[in-house]
Structure formats: C-alpha cells, structure tokens
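Source file work-v3.cif; content: mmCIF, C-alpha atoms.
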```cif
data_input
#
loop_
_atom_site.label_atom_id
_atom_site.label_comp_id
_atom_site.auth_asym_id
_atom_site.auth_seq_id
_atom_site.Cartn_x
_atom_site.Cartn_y
_atom_site.Cartn_z
CA MET H 1 37.62 14.62 -18.26
CA GLU H 2 37.31 16.04 -21.78
CA ARG H 3 34.67 14.46 -24.00
CA ILE H 4 35.84 13.03 -27.33
CA GLU H 5 33.38 14.16 -30.00
CA PHE H 6 32.36 11.89 -32.87
CA THR H 7 33.08 14.14 -35.86
CA ARG H 8 31.94 14.16 -39.50
CA GLU H 9 35.37 12.88 -40.53
CA MET H 10 35.01 9.90 -38.20
CA LYS H 11 31.71 8.89 -39.81
CA LYS H 12 33.53 7.85 -43.00
CA ASP H 13 35.71 5.07 -41.60
CA TYR H 14 34.82 4.46 -37.94
CA THR H 15 33.07 1.29 -36.80
CA ILE H 16 30.34 2.05 -34.25
CA LEU H 17 29.80 -0.73 -31.72
CA VAL H 18 26.32 -1.18 -30.23
CA PRO H 19 25.44 -3.43 -27.23
CA ASN H 20 22.86 -6.10 -27.99
CA MET H 21 19.46 -6.21 -26.31
CA LEU H 22 16.78 -7.07 -28.88
CA PRO H 23 18.43 -9.06 -31.71
CA ILE H 24 15.49 -8.79 -34.15
CA HIS H 25 14.96 -5.06 -33.65
CA PHE H 26 18.62 -4.07 -33.43
CA GLY H 27 19.55 -6.03 -36.54
CA MET H 28 17.11 -3.99 -38.63
CA ILE H 29 18.07 -0.70 -36.95
CA SER H 30 21.70 -1.43 -37.79
CA ALA H 31 20.77 -1.87 -41.47
CA VAL H 32 18.85 1.43 -41.50
CA PHE H 33 21.82 3.35 -40.08
CA ALA H 34 24.09 1.64 -42.60
CA ASN H 35 21.93 3.14 -45.35
CA GLU H 36 22.77 6.56 -43.87
CA GLY H 37 26.51 5.93 -44.12
CA TYR H 38 27.20 4.66 -40.60
CA HIS H 39 29.15 1.46 -39.97
CA PHE H 40 27.20 -0.19 -37.16
CA GLU H 41 28.08 -3.52 -35.57
CA ILE H 42 25.86 -5.19 -32.97
CA LEU H 43 27.93 -6.95 -30.31
CA HIS H 44 27.28 -10.63 -29.59
CA ASN H 45 30.18 -11.41 -27.26
CA ASP H 46 28.70 -13.04 -24.17
CA SER H 47 31.48 -14.97 -22.45
CA SER H 48 32.44 -14.67 -18.79
CA ALA H 49 35.09 -12.16 -19.90
CA VAL H 50 32.29 -9.61 -20.36
CA VAL H 51 31.34 -9.76 -16.69
CA GLU H 52 34.99 -9.80 -15.63
CA ALA H 53 35.75 -6.67 -17.66
CA GLY H 54 32.73 -4.94 -16.18
CA LEU H 55 33.72 -5.84 -12.63
CA ARG H 56 37.28 -4.66 -13.22
CA TYR H 57 36.41 -1.16 -14.39
CA VAL H 58 32.95 -0.42 -12.91
CA HIS H 59 32.20 0.06 -9.22
CA ASN H 60 30.60 -3.08 -7.78
CA ASP H 61 27.51 -1.24 -6.51
CA THR H 62 26.58 -0.14 -10.05
CA CYS H 63 23.46 -1.72 -11.49
CA TYR H 64 23.95 -4.99 -13.34
CA PRO H 65 22.84 -3.76 -16.82
CA ALA H 66 25.48 -0.99 -16.70
CA LEU H 67 28.14 -3.49 -15.70
CA LEU H 68 27.21 -5.81 -18.59
CA VAL H 69 26.94 -3.10 -21.25
CA ILE H 70 30.27 -1.52 -20.27
CA GLY H 71 31.87 -4.95 -19.91
CA GLN H 72 30.66 -5.96 -23.38
CA PHE H 73 32.23 -2.83 -24.89
CA LEU H 74 35.55 -3.34 -23.10
CA ASP H 75 35.69 -7.04 -23.97
CA ALA H 76 35.12 -6.16 -27.65
CA LEU H 77 37.93 -3.59 -27.60
CA ASN H 78 40.23 -6.09 -25.85
CA SER H 79 39.50 -8.78 -28.46
CA GLY H 80 41.83 -7.33 -31.10
CA LYS H 81 39.05 -7.56 -33.67
CA TYR H 82 38.73 -3.79 -33.98
CA ASP H 83 41.13 -0.93 -34.67
CA VAL H 84 40.68 0.97 -31.41
CA ASN H 85 41.74 4.18 -33.19
CA LYS H 86 38.90 3.77 -35.68
CA THR H 87 36.17 2.58 -33.33
CA ALA H 88 33.36 4.43 -31.55
CA LEU H 89 30.75 3.26 -29.06
CA LEU H 90 27.05 4.11 -29.04
CA ILE H 91 24.84 4.09 -25.95
CA THR H 92 21.38 5.43 -25.17
CA GLN H 93 20.96 8.26 -22.68
CA THR H 94 17.42 8.80 -21.42
CA GLY H 95 17.91 11.83 -19.23
CA GLY H 96 15.42 10.45 -16.73
CA GLY H 97 15.81 9.41 -13.11
CA CYS H 98 17.25 5.99 -13.95
CA ARG H 99 20.95 5.30 -13.49
CA ALA H 100 20.98 4.56 -17.23
CA SER H 101 21.36 8.32 -17.75
CA ASN H 102 24.80 8.00 -16.16
CA TYR H 103 25.98 4.90 -18.05
CA ILE H 104 27.71 7.11 -20.59
CA HIS H 105 29.85 8.81 -17.93
CA LEU H 106 30.70 5.49 -16.28
CA LEU H 107 31.68 4.13 -19.68
CA ARG H 108 34.00 7.03 -20.42
CA LYS H 109 35.72 6.64 -17.06
CA ALA H 110 36.16 2.91 -17.73
CA LEU H 111 37.63 3.61 -21.17
CA VAL H 112 40.24 5.97 -19.72
CA LYS H 113 41.16 3.50 -16.95
CA SER H 114 41.54 0.65 -19.45
CA GLY H 115 43.69 2.65 -21.88
CA TYR H 116 41.04 3.45 -24.50
CA GLY H 117 40.53 7.13 -23.72
CA GLN H 118 40.73 7.99 -27.43
CA VAL H 119 37.54 6.03 -28.23
CA PRO H 120 34.57 8.39 -28.67
CA VAL H 121 31.23 7.55 -27.05
CA ILE H 122 28.06 8.62 -28.90
CA SER H 123 24.95 9.48 -26.93
CA LEU H 124 21.68 8.40 -28.57
CA ASN H 125 19.05 10.64 -27.01
CA LEU H 126 16.02 12.77 -27.84
CA SER H 127 16.60 15.30 -25.07
CA GLY H 128 19.53 17.24 -26.52
CA LEU H 129 21.80 16.05 -23.69
CA GLU H 130 24.82 15.65 -25.96
CA LYS H 131 25.46 16.36 -29.63
CA ASN H 132 28.02 15.03 -32.07
CA SER H 133 28.63 16.64 -35.46
CA GLY H 134 29.20 13.22 -37.04
CA PHE H 135 26.03 11.61 -35.69
CA GLN H 136 22.60 13.09 -36.32
CA PHE H 137 19.45 11.32 -35.13
CA THR H 138 17.22 12.99 -37.72
CA LEU H 139 13.42 12.90 -38.07
CA PRO H 140 13.62 10.40 -40.99
CA LEU H 141 15.78 8.12 -38.82
CA ILE H 142 13.38 8.49 -35.90
CA ARG H 143 10.48 7.56 -38.19
CA LYS H 144 12.29 4.48 -39.46
CA THR H 145 13.24 3.46 -35.92
CA ILE H 146 9.60 3.70 -34.81
CA SER H 147 8.55 1.54 -37.77
CA ILE H 148 11.21 -1.02 -36.88
CA ILE H 149 9.89 -1.18 -33.31
CA GLY H 150 6.51 -2.20 -34.76
CA TYR H 151 7.98 -4.76 -37.16
CA GLY H 152 10.40 -6.10 -34.55
CA ASP H 153 7.61 -6.56 -32.01
CA MET H 154 5.49 -8.37 -34.59
CA LEU H 155 8.28 -10.79 -35.54
CA MET H 156 9.21 -11.39 -31.89
CA LEU H 157 5.61 -12.01 -30.81
CA LEU H 158 4.86 -14.46 -33.62
CA LYS H 159 8.21 -16.22 -33.25
CA ASN H 160 7.51 -16.85 -29.56
CA GLN H 161 4.07 -18.32 -30.32
CA VAL H 162 5.22 -20.53 -33.21
CA LYS H 163 8.72 -21.75 -32.31
CA PRO H 164 7.70 -24.01 -29.37
CA TYR H 165 5.35 -25.94 -31.68
CA GLU H 166 7.19 -25.95 -35.02
CA VAL H 167 7.42 -29.33 -36.74
CA LYS H 168 10.55 -28.49 -38.71
CA LYS H 169 13.16 -27.21 -36.28
CA GLY H 170 14.60 -23.87 -37.30
CA ALA H 171 11.69 -22.97 -39.60
CA THR H 172 10.55 -20.08 -37.39
CA ASP H 173 14.01 -18.53 -37.07
CA GLN H 174 14.46 -18.84 -40.83
CA LEU H 175 11.17 -17.03 -41.47
CA VAL H 176 12.22 -14.22 -39.11
CA LYS H 177 15.48 -13.79 -41.06
CA GLN H 178 13.59 -13.73 -44.37
CA TRP H 179 11.36 -10.93 -43.12
CA GLN H 180 14.31 -9.01 -41.69
CA THR H 181 16.06 -9.17 -45.08
CA ARG H 182 12.94 -8.15 -47.01
CA LEU H 183 12.12 -5.24 -44.71
CA CYS H 184 15.71 -3.95 -44.74
CA GLU H 185 15.63 -3.95 -48.54
CA ASP H 186 12.38 -1.99 -48.44
CA PHE H 187 13.89 0.55 -46.06
CA LYS H 188 16.67 1.29 -48.60
CA GLY H 189 14.00 2.63 -50.95
CA ASN H 190 12.06 4.29 -48.12
CA LYS H 191 9.32 1.67 -48.45
CA GLY H 192 7.32 0.00 -45.70
CA LEU H 193 7.34 3.13 -43.53
CA SER H 194 3.95 4.73 -44.09
CA LEU H 195 0.97 3.61 -42.01
CA SER H 196 -0.75 2.15 -45.08
CA GLN H 197 2.36 0.15 -46.05
CA MET H 198 2.84 -1.07 -42.49
CA LYS H 199 -0.77 -2.23 -42.41
CA VAL H 200 -0.21 -4.37 -45.51
CA ASN H 201 3.10 -5.75 -44.25
CA PHE H 202 1.66 -6.59 -40.82
CA LYS H 203 -1.07 -8.64 -42.46
CA GLU H 204 1.42 -10.51 -44.69
CA ILE H 205 3.76 -11.22 -41.77
CA VAL H 206 0.97 -12.72 -39.66
CA GLN H 207 -0.24 -14.83 -42.58
CA SER H 208 3.26 -16.19 -43.28
CA PHE H 209 3.70 -17.32 -39.67
CA SER H 210 0.26 -18.95 -39.63
CA GLU H 211 1.46 -21.13 -42.53
CA VAL H 212 4.37 -22.61 -40.56
CA GLU H 213 3.57 -26.25 -39.80
CA MET H 214 2.95 -26.68 -36.08
CA GLN H 215 2.13 -29.58 -33.80
CA LYS H 216 0.19 -28.24 -30.85
CA SER H 217 0.91 -29.92 -27.52
CA GLU H 218 0.46 -29.23 -23.81
CA LYS H 219 3.04 -26.68 -22.66
CA THR H 220 3.39 -24.49 -19.61
CA LYS H 221 2.69 -20.85 -20.49
CA VAL H 222 5.24 -18.47 -18.96
CA GLY H 223 5.43 -14.69 -19.11
CA ILE H 224 8.72 -12.77 -18.86
CA VAL H 225 8.78 -9.26 -17.38
CA GLY H 226 11.24 -7.08 -15.49
CA GLU H 227 13.85 -4.40 -16.04
CA ILE H 228 14.00 -3.66 -19.77
CA TYR H 229 17.61 -4.75 -20.43
CA VAL H 230 17.56 -7.92 -18.34
CA LYS H 231 14.10 -8.83 -19.65
CA TYR H 232 15.18 -8.80 -23.30
CA SER H 233 18.93 -9.46 -23.29
CA SER H 234 20.08 -13.07 -23.34
CA LEU H 235 23.37 -11.85 -21.85
CA GLY H 236 21.48 -10.21 -19.00
CA ASN H 237 19.14 -13.10 -18.19
CA ASN H 238 21.45 -16.07 -18.84
CA ASN H 239 19.62 -17.21 -21.99
CA LEU H 240 16.28 -17.43 -20.19
CA GLU H 241 14.28 -17.99 -23.39
CA ASP H 242 16.35 -21.00 -24.41
CA PHE H 243 16.03 -22.43 -20.91
CA LEU H 244 12.23 -22.12 -20.94
CA LEU H 245 12.08 -23.81 -24.34
CA SER H 246 14.13 -26.69 -22.94
CA GLN H 247 11.56 -26.99 -20.11
CA ASN H 248 8.65 -27.51 -22.53
CA CYS H 249 7.29 -23.97 -22.13
CA GLU H 250 5.70 -21.38 -24.37
CA TYR H 251 6.88 -17.98 -23.25
CA MET H 252 5.45 -14.51 -23.82
CA ILE H 253 7.57 -11.35 -23.66
CA PRO H 254 5.71 -8.02 -23.91
CA GLY H 255 6.92 -5.94 -26.85
CA LEU H 256 8.97 -2.75 -26.94
CA MET H 257 6.23 -0.58 -28.46
CA ALA H 258 4.15 -0.50 -25.27
CA PHE H 259 7.27 0.49 -23.30
CA VAL H 260 7.95 3.35 -25.72
CA LEU H 261 4.35 4.53 -25.27
CA PHE H 262 4.88 4.32 -21.52
CA MET H 263 8.02 6.49 -21.74
CA ILE H 264 6.18 9.10 -23.83
CA ASP H 265 3.11 8.94 -21.63
CA THR H 266 5.14 9.61 -18.48
CA ARG H 267 6.09 12.99 -19.96
CA LEU H 268 2.41 13.77 -20.51
CA GLU H 269 1.55 12.50 -17.03
CA ASP H 270 4.19 14.81 -15.51
CA VAL H 271 2.50 17.81 -17.11
CA LYS H 272 -0.87 16.68 -15.71
CA LEU H 273 0.51 16.18 -12.21
CA TYR H 274 3.07 18.96 -11.89
CA GLY H 275 2.45 21.36 -14.77
CA GLY H 276 4.84 22.17 -17.61
CA ASN H 277 5.22 23.45 -21.14
CA LYS H 278 1.88 22.99 -22.90
CA LEU H 279 3.40 23.35 -26.38
CA LYS H 280 5.99 20.66 -25.66
CA SER H 281 3.23 18.46 -24.28
CA ALA H 282 1.21 18.91 -27.49
CA VAL H 283 4.19 17.84 -29.62
CA ILE H 284 4.79 14.79 -27.43
CA ASN H 285 1.10 13.90 -27.70
CA VAL H 286 1.36 13.90 -31.52
CA LEU H 287 4.16 11.31 -31.26
CA PHE H 288 2.09 9.28 -28.78
CA GLN H 289 -0.94 9.24 -31.10
CA TYR H 290 1.20 8.24 -34.10
CA ILE H 291 2.67 5.22 -32.31
CA ALA H 292 -0.80 4.37 -30.92
CA LYS H 293 -2.06 4.15 -34.52
CA ILE H 294 0.70 1.66 -35.32
CA GLU H 295 -0.26 -0.32 -32.23
CA LYS H 296 -3.90 -0.41 -33.34
CA MET H 297 -2.96 -1.76 -36.79
CA PHE H 298 -0.59 -4.23 -35.15
CA ILE H 299 -3.32 -5.68 -32.93
CA HIS H 300 -5.93 -5.72 -35.71
CA ALA H 301 -3.62 -7.66 -38.05
CA ILE H 302 -3.19 -10.41 -35.44
CA GLU H 303 -6.82 -10.55 -34.33
CA SER H 304 -8.20 -10.62 -37.88
CA ASN H 305 -6.04 -13.65 -38.71
CA GLY H 306 -7.29 -15.58 -35.68
CA SER H 307 -4.25 -17.85 -35.32
CA PHE H 308 -2.36 -15.99 -32.62
CA LEU H 309 -2.82 -14.14 -29.35
CA ALA H 310 -2.60 -10.36 -29.72
CA PRO H 311 -1.31 -8.04 -26.98
CA SER H 312 -3.66 -5.68 -25.18
CA PRO H 313 -3.77 -1.99 -26.17
CA TYR H 314 -1.58 0.28 -24.09
CA VAL H 315 -4.57 2.20 -22.71
CA HIS H 316 -6.02 -1.06 -21.40
CA MET H 317 -2.73 -2.00 -19.75
CA LYS H 318 -2.68 1.38 -18.04
CA SER H 319 -6.17 0.86 -16.67
CA LEU H 320 -5.20 -2.49 -15.14
CA VAL H 321 -3.04 -0.89 -12.43
CA ASP H 322 -5.86 1.27 -11.07
CA GLY H 323 -5.99 0.51 -7.37
CA VAL H 324 -2.55 -1.13 -7.44
CA VAL H 325 -0.09 1.72 -8.06
CA GLY H 326 -0.38 5.34 -9.20
CA HIS H 327 0.38 6.52 -12.74
CA GLY H 328 2.90 8.98 -11.35
CA ASN H 329 5.16 6.06 -10.37
CA LYS H 330 7.63 5.81 -13.25
CA MET H 331 11.04 4.79 -11.84
CA GLY H 332 12.36 1.27 -12.35
CA GLU H 333 9.68 0.62 -15.02
CA GLY H 334 7.17 2.17 -12.60
CA TRP H 335 3.52 1.17 -12.92
CA PHE H 336 4.29 -0.39 -16.30
CA LEU H 337 5.91 -3.48 -14.72
CA PRO H 338 2.85 -4.58 -12.66
CA ALA H 339 0.67 -3.66 -15.66
CA GLU H 340 2.61 -6.17 -17.77
CA MET H 341 2.10 -8.86 -15.12
CA LEU H 342 -1.63 -8.13 -14.91
CA GLU H 343 -1.97 -8.26 -18.70
CA LEU H 344 -0.14 -11.59 -18.85
CA CYS H 345 -2.47 -13.01 -16.19
CA GLU H 346 -5.48 -11.84 -18.20
CA GLN H 347 -4.14 -13.61 -21.28
CA GLY H 348 -3.52 -16.94 -19.56
CA PHE H 349 0.20 -16.53 -18.86
CA GLU H 350 -0.19 -16.64 -15.08
CA ASN H 351 3.24 -18.19 -14.53
CA ILE H 352 5.58 -15.22 -14.58
CA VAL H 353 9.34 -14.78 -14.27
CA CYS H 354 10.12 -11.27 -13.04
CA THR H 355 13.74 -10.55 -13.99
CA GLN H 356 15.30 -8.04 -11.61
CA PRO H 357 18.88 -6.77 -11.74
CA PHE H 358 21.13 -5.89 -8.86
CA GLY H 359 21.31 -2.17 -8.17
CA CYS H 360 17.84 -1.17 -9.36
CA LEU H 361 15.92 -0.70 -6.12
CA PRO H 362 12.85 0.93 -7.76
CA ASN H 363 12.46 -2.07 -10.06
CA HIS H 364 12.53 -4.45 -7.09
CA ILE H 365 9.90 -2.35 -5.31
CA VAL H 366 7.41 -2.13 -8.21
CA GLY H 367 8.11 -5.77 -9.10
CA LYS H 368 8.12 -7.69 -5.83
CA GLY H 369 6.06 -5.06 -4.04
CA THR H 370 3.02 -5.52 -6.28
CA ILE H 371 2.93 -9.33 -6.36
CA ARG H 372 0.45 -9.53 -3.48
CA PRO H 373 -2.24 -7.24 -5.00
CA ILE H 374 -1.79 -9.04 -8.33
CA LYS H 375 -2.42 -12.39 -6.64
CA GLU H 376 -5.49 -10.96 -4.92
CA ARG H 377 -6.89 -10.15 -8.34
CA PHE H 378 -5.61 -13.34 -9.99
CA PRO H 379 -5.40 -16.10 -7.32
CA LYS H 380 -3.72 -18.49 -9.76
CA ALA H 381 -0.88 -16.05 -10.46
CA ASN H 382 2.41 -17.91 -9.98
CA ILE H 383 5.09 -15.21 -9.92
CA THR H 384 8.75 -15.69 -9.09
CA ALA H 385 11.24 -12.81 -8.93
CA ILE H 386 14.72 -13.79 -10.09
CA ASP H 387 17.70 -11.63 -9.13
CA TYR H 388 20.44 -11.17 -11.72
CA ASP H 389 23.86 -9.96 -10.62
CA PRO H 390 27.54 -10.90 -11.11
CA GLY H 391 27.57 -13.19 -8.08
CA ALA H 392 24.27 -14.96 -8.75
CA SER H 393 24.47 -18.66 -9.55
CA ARG H 394 22.87 -19.60 -12.85
CA VAL H 395 22.05 -23.03 -11.45
CA ASN H 396 20.25 -21.42 -8.52
CA GLN H 397 18.29 -19.14 -10.86
CA GLU H 398 17.21 -22.06 -13.04
CA ASN H 399 16.30 -24.18 -10.03
CA ARG H 400 13.99 -21.46 -8.76
CA ILE H 401 12.33 -21.27 -12.18
CA LYS H 402 11.97 -25.07 -12.19
CA LEU H 403 10.24 -24.82 -8.81
CA MET H 404 7.82 -22.26 -10.28
CA LEU H 405 7.12 -24.61 -13.21
CA ALA H 406 6.54 -27.53 -10.80
CA ILE H 407 3.98 -25.43 -8.91
CA ALA H 408 2.33 -24.55 -12.25
CA LYS H 409 2.00 -28.24 -13.13
CA GLU H 410 0.54 -29.03 -9.70
CA GLN H 411 -2.01 -26.23 -10.07
CA ASN H 412 -2.94 -27.48 -13.52
CA MET H 413 -3.40 -31.06 -12.25
CA ALA H 414 -5.51 -29.80 -9.35
CA THR H 415 -7.73 -27.88 -11.77
CA VAL H 416 -8.23 -30.96 -13.93
CA THR H 417 -9.04 -33.07 -10.85
CA ILE H 418 -11.63 -30.57 -9.63
CA GLN H 419 -13.25 -30.48 -13.04
CA VAL H 420 -13.50 -34.27 -13.12
CA GLU H 421 -14.88 -34.51 -9.58
CA ASP H 422 -17.42 -31.75 -10.19
CA LYS H 423 -18.72 -33.43 -13.33
CA PRO H 424 -22.32 -34.59 -12.58
CA LYS H 425 -22.88 -38.36 -12.61
CA LYS H 426 -25.36 -39.78 -15.08
CA LYS H 427 -28.39 -41.51 -13.59
CA SER H 428 -28.96 -45.11 -14.51
CA PRO H 429 -32.05 -45.95 -16.66
CA ALA H 430 -33.60 -47.74 -13.68
CA LEU H 431 -33.36 -44.73 -11.42
CA ILE H 432 -34.76 -42.48 -14.14
CA SER H 433 -37.79 -44.75 -14.61
CA VAL H 434 -38.47 -44.87 -10.83
CA ALA H 435 -38.17 -41.10 -10.57
CA SER H 436 -40.65 -40.63 -13.39
CA LEU H 437 -43.23 -42.79 -11.55
CA LEU H 438 -43.05 -40.76 -8.30
#
```

Represent the structure contained in this file as structure tokens.
Amino acid sequence: MERIEFTREMKKDYTILVPNMLPIHFGMISAVFANEGYHFEILHNDSSAVVEAGLRYVHNDTCYPALLVIGQFLDALNSGKYDVNKTALLITQTGGGCRASNYIHLLRKALVKSGYGQVPVISLNLSGLEKNSGFQFTLPLIRKTISIIGYGDMLMLLKNQVKPYEVKKGATDQLVKQWQTRLCEDFKGNKGLSLSQMKVNFKEIVQSFSEVEMQKSEKTKVGIVGEIYVKYSSLGNNNLEDFLLSQNCEYMIPGLMAFVLFMIDTRLEDVKLYGGNKLKSAVINVLFQYIAKIEKMFIHAIESNGSFLAPSPYVHMKSLVDGVVGHGNKMGEGWFLPAEMLELCEQGFENIVCTQPFGCLPNHIVGKGTIRPIKERFPKANITAIDYDPGASRVNQENRIKLMLAIAKEQNMATVTIQVEDKPKKKSPALISVASLL
C-alpha cells in the first residue's frame, strides 16, 4: 500500500484533524501550529458512531485506544463536515514496543477499506520514522510544545483542585479559557517560552486560581491512573471526571510532564542496562534536564503559594517503585504506572481508579499486578481496576466505582470512630482530688 505524503502544497489549504486526549493541552498546541500556517482541528465527536466505525474497520483484537482514535477519524470523515479531498489526519508514532507505533498503519488500512484512501496521514514523531515535506516538527515547535505541556499541566492540576469546591459554577472553566487565550496570544509573539517567563506565568496562574471563591466541604479524594489515552480522554473513559464530580469527589490526575520525563528517561535507562550511543544519550539527557527545570519551577510556584497540593518531583516518583518493579520495565506505562499510584497514596488520594483498556496486556500486568505490594506499603489503599473496551457496560463500570467509593466512606467512618474511642477520658474533679491525697 503506497503512502500518501503530506506535501508543501497541501499545507496551504488542507485541514488537519487531530484526535482529542487532553483538551487543555491540545487546544493550545493547535493554536501554536496555526501560527505556523497549519489548519489544525481537534476532534470532539464522541457518539456511539465512533465506536461503531472503529469496530467496522479495525480488527476486534486491536487495543481499545487504537479502535477509538481510528473510529473518531472515520466518523469525522463520514460526517460530511469536511472536504475529504482537502483533509489530512495527524497521529503520533512513538517507535517503541507499544502497539501505538502501529496505529498509523492500521489507520491507513481502514481509510482504504472505507473509501478514503486519498486522505494523507501525518506521523508526529521524534524518531525519524516517517517524513512529510509539508509538515516539519522543528526545534522551535518542539520548544513551544514542551512549554505547553507545562502550562497545560498547571491549568489541569489547579482546575481539578478548585472546580469541586467553586461557589460560582463555571468560574474555574472560565478561568482556564482566559489563561488559554492569553498564553496563545503570547505564543504568537514568541513570549512565555523562556524559563524566566514561564516562572513568572506559573506564579500568576497559581495566584489567579487561589482567588476563585471556594466553599470547602468533605469530599472523597480519588486518583485516576492507567493507560495514557484512556486515563486522559473522556471518550476513552466514558466521562470519568464528570462522573466523579457527580459523586461528590475531588479527583487528581497526574500530569503529562512526568510521563514525558519517563519516556525520555527510558531511553537513558536502556543505555545504562544494555549499552548504546553515548553521544545520543548525552543529547537526550540535555532534553531531560531542561524539562526537569520546568518541573522544578512548576512545583515551586504551587508550594510557595500554599493554597494547593503540588505533585512530587519525577525523581521521587521513580524512587517509590524500588522494591516493587524494576526501572527496566517500560511497556504498558511500565514502572511509571505503579509509581503514580504510590505517589497518589502518599498525597492522600488512596482511592484510585486504574483505567485499563482492552488489548494492552502489559498495562494490565503493571497495573493489577502491583496492587498487592502497594497495599502492603499503604494498607488504606483502595484501588479498583476498571476495564474499558467496546463491549464493556458503562453502568457496570460506574457501579464498580461506586462500590470503591462506598468502601472509602466506610474506611473513613471507621477511622473517625477509632479516633473517638481512643480519645482519653477526662477524670472527674473528685477522682483527681482523691488521687492527689494517695
């Protein structure tokens, strides 16, 4: 099957469709690419037709994220909203051991089968796997994307800690949009990208969220972890965040920056374990240290304000899995998945939903397989693994989460009862006077 290249001529008038995963991050990335002359559009179609299209043109033993991403593309092309002769699709290609490296080939096969063989598919990768003359992921774009990961994580983290308690409904979402607009305007003039500018912006962002009027109340704290697409995508996890909000919960989702550090670090770990190109390793280490500096500023901005809970540094997360799983384990989120669960337990989010898609056996192993050692370290850990696949019942998924929340409430009541019973009783004045005479 001949690959259709995205050419320089196509860049002028083609619309490039992008599957949605992280709405805050992807919205800003879309604006940055627009500044470079690309016409990006983030897809938001999430009806049952997406799953049906995926099932029709993708083999049913393919992992669930691939089925959803390909189904979302096909559903968009079927909608009539786009000129299929002036439309291209963009998908990431990691080049690693994950099936995600093969999504692009599955997508092209599905396009041919569904009559859209003329639609070019762009590979977004840093490994030189595929190149397109009309799409260049340049160093300036990489730098802007890294900055957006920092800003997106900051907005997502603060939104999740403020929204459950906001007095004026919608105030948090409105503040997120205001910051997205402001930052995108800055990016047009190449502002907000240097470390010093990010430091200032981080501080202002945290301060603005601390000024949102909140009414603190008792809520169940829930962490969300799992396979990267299903963890973040509302399409992949059946609007899990909205469901938890409806159940009077405050949820915490680890950010993307730590995952990016993990992906870079695995390359460095490979060189340590198996050998490799020392020069390439040195270049990768420079990138790692640059992002680590952003992470340090990120954490300092939150901690210095004192109103919110900051994430742990990546190096601390890595140390948490010592004795649980080796650092050479990198498939299906590898050691990073149990590290996220351990970090959440440390921070008081001991009730954890582990989102796991059909077709990703490594993710199930490092997820479910490490629950026992995590509970040995944190006896109050209340972890439930939820499977997501085309045949899974949403009602069943939500009922299992409700059961987890019921257990959390019982544990909380038991803790309160123990504290009350253990409270020492005051002696009466008469007893005190008798004791003093003896």

*Which is closest to Val167 (chain H) among H:Lys81, H:His59, H:Lys221, H:Lys216, if we use all atoms listed in the file?*
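Closest candidate: H:Lys216.
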
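Between CA of Asp13 (chain H) and CA of Val84 (chain H) there is a distance of 12.1 Å.
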
Using the chain letters and residue numbers of this document, give as a CSV table (one decimal) with C-alpha atoms, in the frame of the given file the residues selected by the PyMOL selection byres ((chain H and resi 311-325) around 6).
```csv
chain,number,residue,atom,x,y,z
H,258,ALA,CA,4.2,-0.5,-25.3
H,310,ALA,CA,-2.6,-10.4,-29.7
H,326,GLY,CA,-0.4,5.3,-9.2
H,339,ALA,CA,0.7,-3.7,-15.7
```

_I'd like the neighbourhood of Gln72 (chain H) as a list in words, where a residue qualifies if any of its atoms comes within 7 Å (using all atoms listed in the file), though same-chain residues fewer than 4 positions away should be ignored._
Pro19, Asn45, Val50, Leu68 and Ala76 of chain H

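CA of Val162 (chain H) is positioned 7.2 Å from CA of Met214 (chain H).
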
*Neighbours of Lys12 (chain H) within 12 Å (all atoms listed in the file; same-chain residues fewer than 5 positions away dropped), as a ChimeraX atom specification?*
/H:6-7,34,36-40,86-88,134-135

*Which value, in Å to one decimal, gives the distance between CA of Met156 (chain H) and CA of Ile104 (chain H)?*
28.5 Å

*Which residues, written as a ChimeraX atom specification, have at least one atom at most 12 Å from Glu303 (chain H), with all atoms listed in the file counted and residues fewer than 4 positions away on the same chain left out?*
/H:202-203,206-207,296-299,307-312

*Hits from the PyMOL selection byres ((chain H and resi 407) around 12), listed as a ChimeraX atom specification*: /H:220,350-352,380-384,400-406,408-414

_Could you list, as JSON, numbers by chain, every residue matched by the PyMOL selection byres ((chain H and resi 27) around 12) in this structure?_
{"H": [18, 19, 20, 21, 22, 23, 24, 25, 26, 28, 29, 30, 31, 32, 33, 34, 40, 41, 42, 43, 44, 145, 148, 149, 151, 152, 176, 177, 179, 180, 181, 183, 184]}

*Best match for closeness to Ala171 (chain H) among H:Val222, H:Val212, H:Val260, H:Ala282, counting only C-alpha atoms*: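 For Ala171 (chain H), the nearest of the given residues is H:Val212.
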
*Surrounding residues of Asn60 (chain H) excluding itself and chain neighbours under 3 positions, 12 Å, only C-alpha atoms, as number ranges by chain*: H: 51-57, 63-68, 358-359, 389-391

_List as a PyMOL selection string the protein and nucleic acid residues near Glu213 (chain H), meaning an atom at most 12 Å away when all atoms listed in the file are counted, but skip any in the same chain fewer than 3 places from it._
chain H and resi 162-172+208-210+216

Selection to disk with C-alpha atoms, as a short mmCIF file (atom, residue, chain, number, x, y, z; two decimals), keeping the file's coordinate frame:
```cif
data_model
loop_
_atom_site.label_atom_id
_atom_site.label_comp_id
_atom_site.auth_asym_id
_atom_site.auth_seq_id
_atom_site.Cartn_x
_atom_site.Cartn_y
_atom_site.Cartn_z
CA VAL H 162 5.22 -20.53 -33.21
CA LYS H 163 8.72 -21.75 -32.31
CA PRO H 164 7.70 -24.01 -29.37
CA TYR H 165 5.35 -25.94 -31.68
CA GLU H 166 7.19 -25.95 -35.02
CA VAL H 167 7.42 -29.33 -36.74
CA LYS H 168 10.55 -28.49 -38.71
CA LYS H 169 13.16 -27.21 -36.28
CA GLY H 170 14.60 -23.87 -37.30
CA ALA H 171 11.69 -22.97 -39.60
CA THR H 172 10.55 -20.08 -37.39
CA SER H 208 3.26 -16.19 -43.28
CA PHE H 209 3.70 -17.32 -39.67
CA SER H 210 0.26 -18.95 -39.63
CA LYS H 216 0.19 -28.24 -30.85
#
```
